[in-house]
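Dropping coords-v1.tsv in here (TSV, C-alpha atoms):
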chain	number	residue	atom	x	y	z
A	1	GLU	CA	35.08	7.87	14.55
A	2	GLN	CA	32.19	8.95	12.34
A	3	MET	CA	34.56	9.27	9.40
A	4	MET	CA	35.89	5.77	10.14
A	5	ALA	CA	32.31	4.47	10.12
A	6	PHE	CA	31.46	6.19	6.83
A	7	ALA	CA	34.68	4.91	5.25
A	8	ALA	CA	33.82	1.38	6.35
A	9	ILE	CA	30.30	1.74	4.88
A	10	ASN	CA	31.79	2.90	1.57
A	11	ASP	CA	34.16	-0.08	1.62
A	12	GLY	CA	31.27	-2.47	2.26
A	13	ASP	CA	32.66	-3.42	5.68
A	14	ASP	CA	29.39	-3.27	7.62
A	15	ALA	CA	30.79	-5.03	10.70
A	16	LYS	CA	33.52	-2.42	11.12
A	17	ALA	CA	30.99	0.39	10.56
A	18	ILE	CA	28.65	-1.06	13.19
A	19	THR	CA	31.49	-1.26	15.70
A	20	ALA	CA	32.47	2.36	15.10
A	21	LEU	CA	28.89	3.69	15.27
A	22	GLN	CA	28.05	1.59	18.33
A	23	GLY	CA	31.10	3.09	20.04
A	24	LEU	CA	29.67	6.55	19.46
A	25	VAL	CA	26.26	5.47	20.76
A	26	ASP	CA	27.85	4.01	23.89
A	27	LYS	CA	29.56	7.34	24.50
A	28	GLY	CA	26.19	9.12	24.35
A	29	SER	CA	26.50	10.72	20.93
A	30	LEU	CA	23.97	13.51	20.31
A	31	GLU	CA	24.11	13.09	16.52
A	32	SER	CA	20.84	11.64	15.18
A	33	THR	CA	22.60	10.50	12.01
A	34	VAL	CA	24.77	8.13	14.07
A	35	TYR	CA	21.70	6.30	15.35
A	36	ALA	CA	19.97	6.36	11.96
A	37	ASN	CA	22.97	4.91	10.12
A	38	LEU	CA	23.51	2.24	12.79
A	39	ALA	CA	19.82	1.25	12.65
A	40	LYS	CA	19.98	1.00	8.83
A	41	LEU	CA	23.02	-1.29	9.08
A	42	HIS	CA	21.22	-3.53	11.59
A	43	LEU	CA	18.21	-3.69	9.24
A	44	LYS	CA	20.49	-4.53	6.35
A	45	GLY	CA	21.87	-7.41	8.39
A	46	GLY	CA	18.37	-8.60	9.30
A	47	ASP	CA	18.56	-7.68	12.99
A	48	THR	CA	15.27	-5.81	13.44
A	49	THR	CA	15.45	-5.95	17.24
A	50	ALA	CA	18.83	-4.20	17.33
A	51	ALA	CA	17.58	-1.65	14.79
A	52	LEU	CA	14.54	-0.78	16.93
A	53	GLU	CA	16.68	-0.54	20.08
A	54	THR	CA	19.03	1.83	18.28
A	55	ILE	CA	16.14	3.95	17.01
A	56	GLU	CA	14.69	4.21	20.52
A	57	ALA	CA	18.09	5.23	21.90
A	58	GLY	CA	18.33	7.90	19.22
A	59	ARG	CA	14.83	9.20	19.93
A	60	GLU	CA	15.74	9.62	23.59
A	61	VAL	CA	18.45	11.97	22.40
A	62	ASN	CA	16.24	13.71	19.81
A	63	GLU	CA	12.60	12.67	20.02
A	64	THR	CA	11.56	14.95	17.13
A	65	ASP	CA	14.03	13.57	14.56
A	66	LYS	CA	11.96	12.64	11.50
A	67	THR	CA	14.51	10.20	10.05
A	68	LEU	CA	14.40	8.03	13.17
A	69	THR	CA	10.60	8.31	13.37
A	70	ASN	CA	10.20	7.30	9.73
A	71	LEU	CA	12.59	4.37	10.15
A	72	LYS	CA	10.52	3.02	13.02
A	73	LEU	CA	7.27	3.49	11.11
A	74	ASP	CA	8.75	1.68	8.12
A	75	ILE	CA	9.76	-1.30	10.27
A	76	TYR	CA	6.28	-1.56	11.82
A	77	LEU	CA	4.68	-1.25	8.38
A	78	LYS	CA	6.80	-4.05	6.91
A	79	GLN	CA	6.17	-6.26	9.93
A	80	GLY	CA	2.42	-5.71	9.78
A	81	ARG	CA	2.32	-4.45	13.38
A	82	SER	CA	-0.82	-2.42	12.72
A	83	ALA	CA	-1.84	-1.44	16.25
A	84	GLU	CA	1.69	-0.31	17.14
A	85	LEU	CA	2.02	1.48	13.83
A	86	VAL	CA	-1.19	3.45	14.44
A	87	LYS	CA	0.06	4.44	17.90
A	88	GLU	CA	3.37	5.66	16.46
A	89	LEU	CA	1.59	7.51	13.66
A	90	ASP	CA	-0.72	9.17	16.21
A	91	GLU	CA	2.38	10.54	17.95
A	92	ALA	CA	4.01	11.55	14.66
A	93	ILE	CA	0.87	13.43	13.58
A	94	GLU	CA	0.62	15.14	16.96
A	95	SER	CA	4.17	16.47	16.57
A	96	ASP	CA	3.77	17.32	12.86
A	97	PRO	CA	0.04	17.80	12.12
A	98	GLY	CA	0.60	19.13	8.62
A	99	ASN	CA	2.52	16.08	7.37
A	100	VAL	CA	0.22	14.36	4.85
A	101	VAL	CA	2.55	11.34	4.58
A	102	TYR	CA	1.77	10.35	8.17
A	103	TYR	CA	-1.98	10.64	7.56
A	104	PHE	CA	-1.60	8.60	4.36
A	105	ALA	CA	0.27	5.82	6.17
A	106	ARG	CA	-2.33	5.78	8.94
A	107	ALA	CA	-5.20	5.70	6.44
A	108	ILE	CA	-3.67	2.67	4.70
A	109	THR	CA	-3.14	0.99	8.07
A	110	PHE	CA	-6.73	1.65	9.16
A	111	GLU	CA	-7.96	0.31	5.84
A	112	GLY	CA	-5.95	-2.87	6.32
A	113	MET	CA	-7.51	-3.23	9.77
A	114	GLY	CA	-10.99	-2.91	8.26
A	115	GLU	CA	-11.62	0.45	9.96
A	116	ILE	CA	-13.00	2.13	6.85
A	117	GLU	CA	-14.51	5.19	8.56
A	118	LYS	CA	-11.19	6.08	10.22
A	119	ALA	CA	-9.33	5.55	6.95
A	120	SER	CA	-11.86	7.74	5.15
A	121	ALA	CA	-11.40	10.50	7.74
A	122	ASP	CA	-7.62	10.45	7.26
A	123	TYR	CA	-7.94	10.60	3.46
A	124	ASP	CA	-10.30	13.57	3.87
A	125	LYS	CA	-7.81	15.28	6.19
A	126	ILE	CA	-5.07	14.86	3.60
A	127	LEU	CA	-7.22	16.47	0.91
A	128	GLU	CA	-8.11	19.27	3.32
A	129	ILE	CA	-4.39	19.98	3.85
A	130	ASP	CA	-3.42	19.43	0.22
A	131	PRO	CA	-6.28	19.21	-2.33
A	132	GLU	CA	-3.76	18.15	-4.98
A	133	TYR	CA	-2.62	15.04	-3.09
A	134	TYR	CA	-4.41	12.85	-5.62
A	135	ASP	CA	-3.08	9.55	-4.22
A	136	ALA	CA	-5.42	10.08	-1.28
A	137	ALA	CA	-8.44	10.64	-3.52
A	138	PHE	CA	-7.55	7.62	-5.66
A	139	ASN	CA	-7.00	5.37	-2.63
A	140	LYS	CA	-10.31	6.44	-1.14
A	141	GLY	CA	-12.06	5.51	-4.38
A	142	VAL	CA	-10.36	2.12	-4.45
A	143	MET	CA	-11.32	1.58	-0.80
A	144	TYR	CA	-15.00	1.92	-1.74
A	145	LEU	CA	-14.55	-0.42	-4.71
A	146	ASN	CA	-13.04	-3.01	-2.36
A	147	SER	CA	-15.99	-2.54	-0.01
A	148	ALA	CA	-18.36	-3.20	-2.91
A	149	ALA	CA	-16.39	-6.34	-3.84
A	150	LYS	CA	-16.82	-7.70	-0.31
A	151	VAL	CA	-20.60	-7.26	-0.56
A	152	VAL	CA	-20.56	-9.07	-3.91
A	153	GLU	CA	-18.66	-11.96	-2.33
A	154	SER	CA	-21.21	-12.16	0.49
A	155	LEU	CA	-23.98	-12.60	-2.11
A	156	GLU	CA	-22.57	-15.81	-3.57
A	157	GLY	CA	-25.25	-18.52	-3.45
A	158	GLU	CA	-27.94	-16.10	-2.27
A	159	TYR	CA	-31.31	-16.47	-4.00
A	160	LYS	CA	-33.81	-14.40	-2.02
A	161	PRO	CA	-34.80	-11.34	-4.15
A	162	SER	CA	-35.30	-9.12	-1.08
A	163	ILE	CA	-31.76	-9.77	0.16
A	164	ILE	CA	-30.26	-9.44	-3.31
A	165	ASN	CA	-32.02	-6.12	-3.92
A	166	ALA	CA	-30.84	-4.73	-0.59
A	167	LYS	CA	-27.25	-5.78	-1.30
A	168	GLU	CA	-27.43	-4.36	-4.83
A	169	ALA	CA	-28.42	-0.99	-3.35
A	170	GLU	CA	-25.48	-1.19	-0.92
A	171	ILE	CA	-23.08	-2.05	-3.75
A	172	ASN	CA	-24.31	0.87	-5.87
A	173	GLY	CA	-23.87	3.13	-2.85
A	174	PHE	CA	-20.18	2.21	-2.67
A	175	TYR	CA	-19.81	2.76	-6.43
A	176	LYS	CA	-21.37	6.23	-6.13
A	177	GLN	CA	-18.88	7.11	-3.40
A	178	ALA	CA	-15.95	5.70	-5.39
A	179	ILE	CA	-16.75	7.54	-8.61
A	180	VAL	CA	-16.71	10.96	-6.88
A	181	HIS	CA	-13.06	10.48	-5.94
A	182	PHE	CA	-12.07	8.96	-9.29
A	183	GLU	CA	-13.66	11.96	-11.06
A	184	ASN	CA	-11.55	14.28	-8.90
A	185	VAL	CA	-8.36	12.49	-9.94
A	186	PHE	CA	-9.37	12.19	-13.61
A	187	GLU	CA	-10.44	15.81	-14.03
A	188	ASN	CA	-7.86	17.61	-11.90
A	189	ASN	CA	-4.60	15.62	-11.88
A	190	MET	CA	-2.81	17.18	-14.84
A	191	ASP	CA	0.41	15.31	-14.09
A	192	MET	CA	-1.14	11.84	-14.34
A	193	PRO	CA	0.58	9.70	-17.03
A	194	ILE	CA	-1.74	8.90	-19.94
A	195	THR	CA	-1.40	5.13	-19.42
A	196	GLU	CA	-2.60	5.47	-15.82
A	197	LYS	CA	-5.37	7.84	-16.88
A	198	LYS	CA	-6.60	5.30	-19.43
A	199	ASP	CA	-6.64	2.58	-16.75
A	200	LEU	CA	-8.65	4.89	-14.50
A	201	ALA	CA	-11.02	5.73	-17.37
A	202	SER	CA	-11.59	2.02	-17.93
A	203	THR	CA	-12.55	1.56	-14.26
A	204	MET	CA	-14.80	4.61	-14.38
A	205	LYS	CA	-16.46	3.37	-17.56
A	206	ARG	CA	-17.48	0.13	-15.83
A	207	ILE	CA	-18.83	2.04	-12.81
A	208	TYR	CA	-20.85	4.38	-15.03
A	209	ALA	CA	-22.30	1.35	-16.84
A	210	ARG	CA	-23.22	-0.19	-13.51
A	211	LEU	CA	-24.91	3.04	-12.40
A	212	GLU	CA	-26.59	3.42	-15.81
A	213	GLN	CA	-24.97	6.83	-16.37
A	214	MET	CA	-24.59	6.23	-20.08
A	215	ASP	CA	-23.53	9.75	-21.11
A	216	LYS	CA	-20.53	9.56	-18.80
A	217	TYR	CA	-19.93	5.96	-19.87
A	218	LYS	CA	-19.62	7.22	-23.47
A	219	GLU	CA	-17.22	9.99	-22.40
A	220	MET	CA	-14.85	7.43	-20.87
A	221	LYS	CA	-15.23	5.10	-23.85
A	222	ASP	CA	-14.38	7.94	-26.26
A	223	PHE	CA	-11.41	9.01	-24.12
A	224	ILE	CA	-9.95	5.48	-24.18
A	225	GLU	CA	-10.48	5.10	-27.95
A	226	ASN	CA	-8.98	8.53	-28.70
A	227	ASN	CA	-5.86	7.86	-26.63
Using structure tokens, write down the structure that the file contains.
Amino acid sequence: EQMMAFAAINDGDDAKAITALQGLVDKGSLESTVYANLAKLHLKGGDTTAALETIEAGREVNETDKTLTNLKLDIYLKQGRSAELVKELDEAIESDPGNVVYYFARAITFEGMGEIEKASADYDKILEIDPEYYDAAFNKGVMYLNSAAKVVESLEGEYKPSIINAKEAEINGFYKQAIVHFENVFENNMDMPITEKKDLASTMKRIYARLEQMDKYKEMKDFIENN
């Protein structure tokens, strides 16, 4: 019956494949791949509810299966179900505490929820597990840039020097935090494509100018011109 399902998938006959795989599920199949393939077919057809039901049925059979876990996380991520996604990621991390992908997904989710401190903690945990996971360092830097941008937006129309000065100090604080992580990526990520490195150098150049660190500003300017 599995072979019939795979043949139907290869022939593009999703309805026949679903029928065959559902038959196996109804008989209590212990094969995680049966549930995963059936869930993928439901997602392909736009039936998210059926996909989630299939995933849950599969996880009852094998609650540690990473394919089923990742499928569910992906659905929640695409649907923007942040609170549920965090709960699922908590469970995934508990069962696989060394998996940096789960921490990364949770950090992004926390960031989207405005919980910057929790996102920051997850990015730090990633770099503790794998110091060369430069996406985490880059994302953390961007998170602080976004925080600075929000402070800038809040200043629009403000005219009191005391308030402006206080906000300027807060903005510079975010820039100082961002540049630490960008420097890590720039100096240590040897696999970074030169086009991306130039884009990063351009961002760093503007931050150095803002912080009046003109020697480092010149270093970035020279790097961009020489590449």
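Going from atom CA of Met143 of chain A to atom CA of Val180 of chain A covers 12.4 Å.
With distances restricted to only C-alpha atoms, A:Ala36 is the closest residue to Leu52 of chain A from A:Ala36, A:Ala166, A:Ala121, A:Leu155.
Atom CA of His42 of chain A sits 16.0 Å away from atom CA of Thr69 of chain A.
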Next item on the list: Fewer than 6 positions away in the same chain doesn't count, so skip those; otherwise give me all residues within 12 Å of Phe223 of chain A, counting all atoms listed in the file, as a VMD selection string.
Entry: chain A and resid 186 194 to 195 197 to 202 204 to 205 216 to 217
Notebook entry, point to check: Can you list, as a list in words, every protein, DNA or RNA residue that comes within 12 Å of Ala57 of chain A when you count all atoms listed in the file, leaving out same-chain residues fewer than 6 positions away?
Noted result: Gln22, Leu24, Val25, Asp26, Lys27, Gly28, Ser29, Leu30, Glu31, Ser32, Val34, Tyr35, Ala36, Leu38, Ala39, Ala50, Ala51, Glu63, Asp65, Leu68, Thr69 and Lys72 of chain A
Checklist line | For atom CA of Lys150 of chain A and atom CA of Met113 of chain A, the interatomic separation in Å (one decimal) | finding: 14.4 Å
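Compared by their closest atoms to Tyr103 of chain A, and using only C-alpha atoms, the residues A:Asp122, A:Asp90, A:Glu117, A:Glu225 rank with A:Asp122 nearest.
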Next item on the list: Write out as a list in words each polymer residue whose atoms come within 12 Å of Ala149 of chain A, counting only C-alpha atoms; drop sequence neighbours fewer than 6 positions from it.
Entry: Val142, Met143, Leu155, Glu156, Lys167, Glu168, Glu170, Ile171, Asn172, Phe174 and Tyr175 of chain A
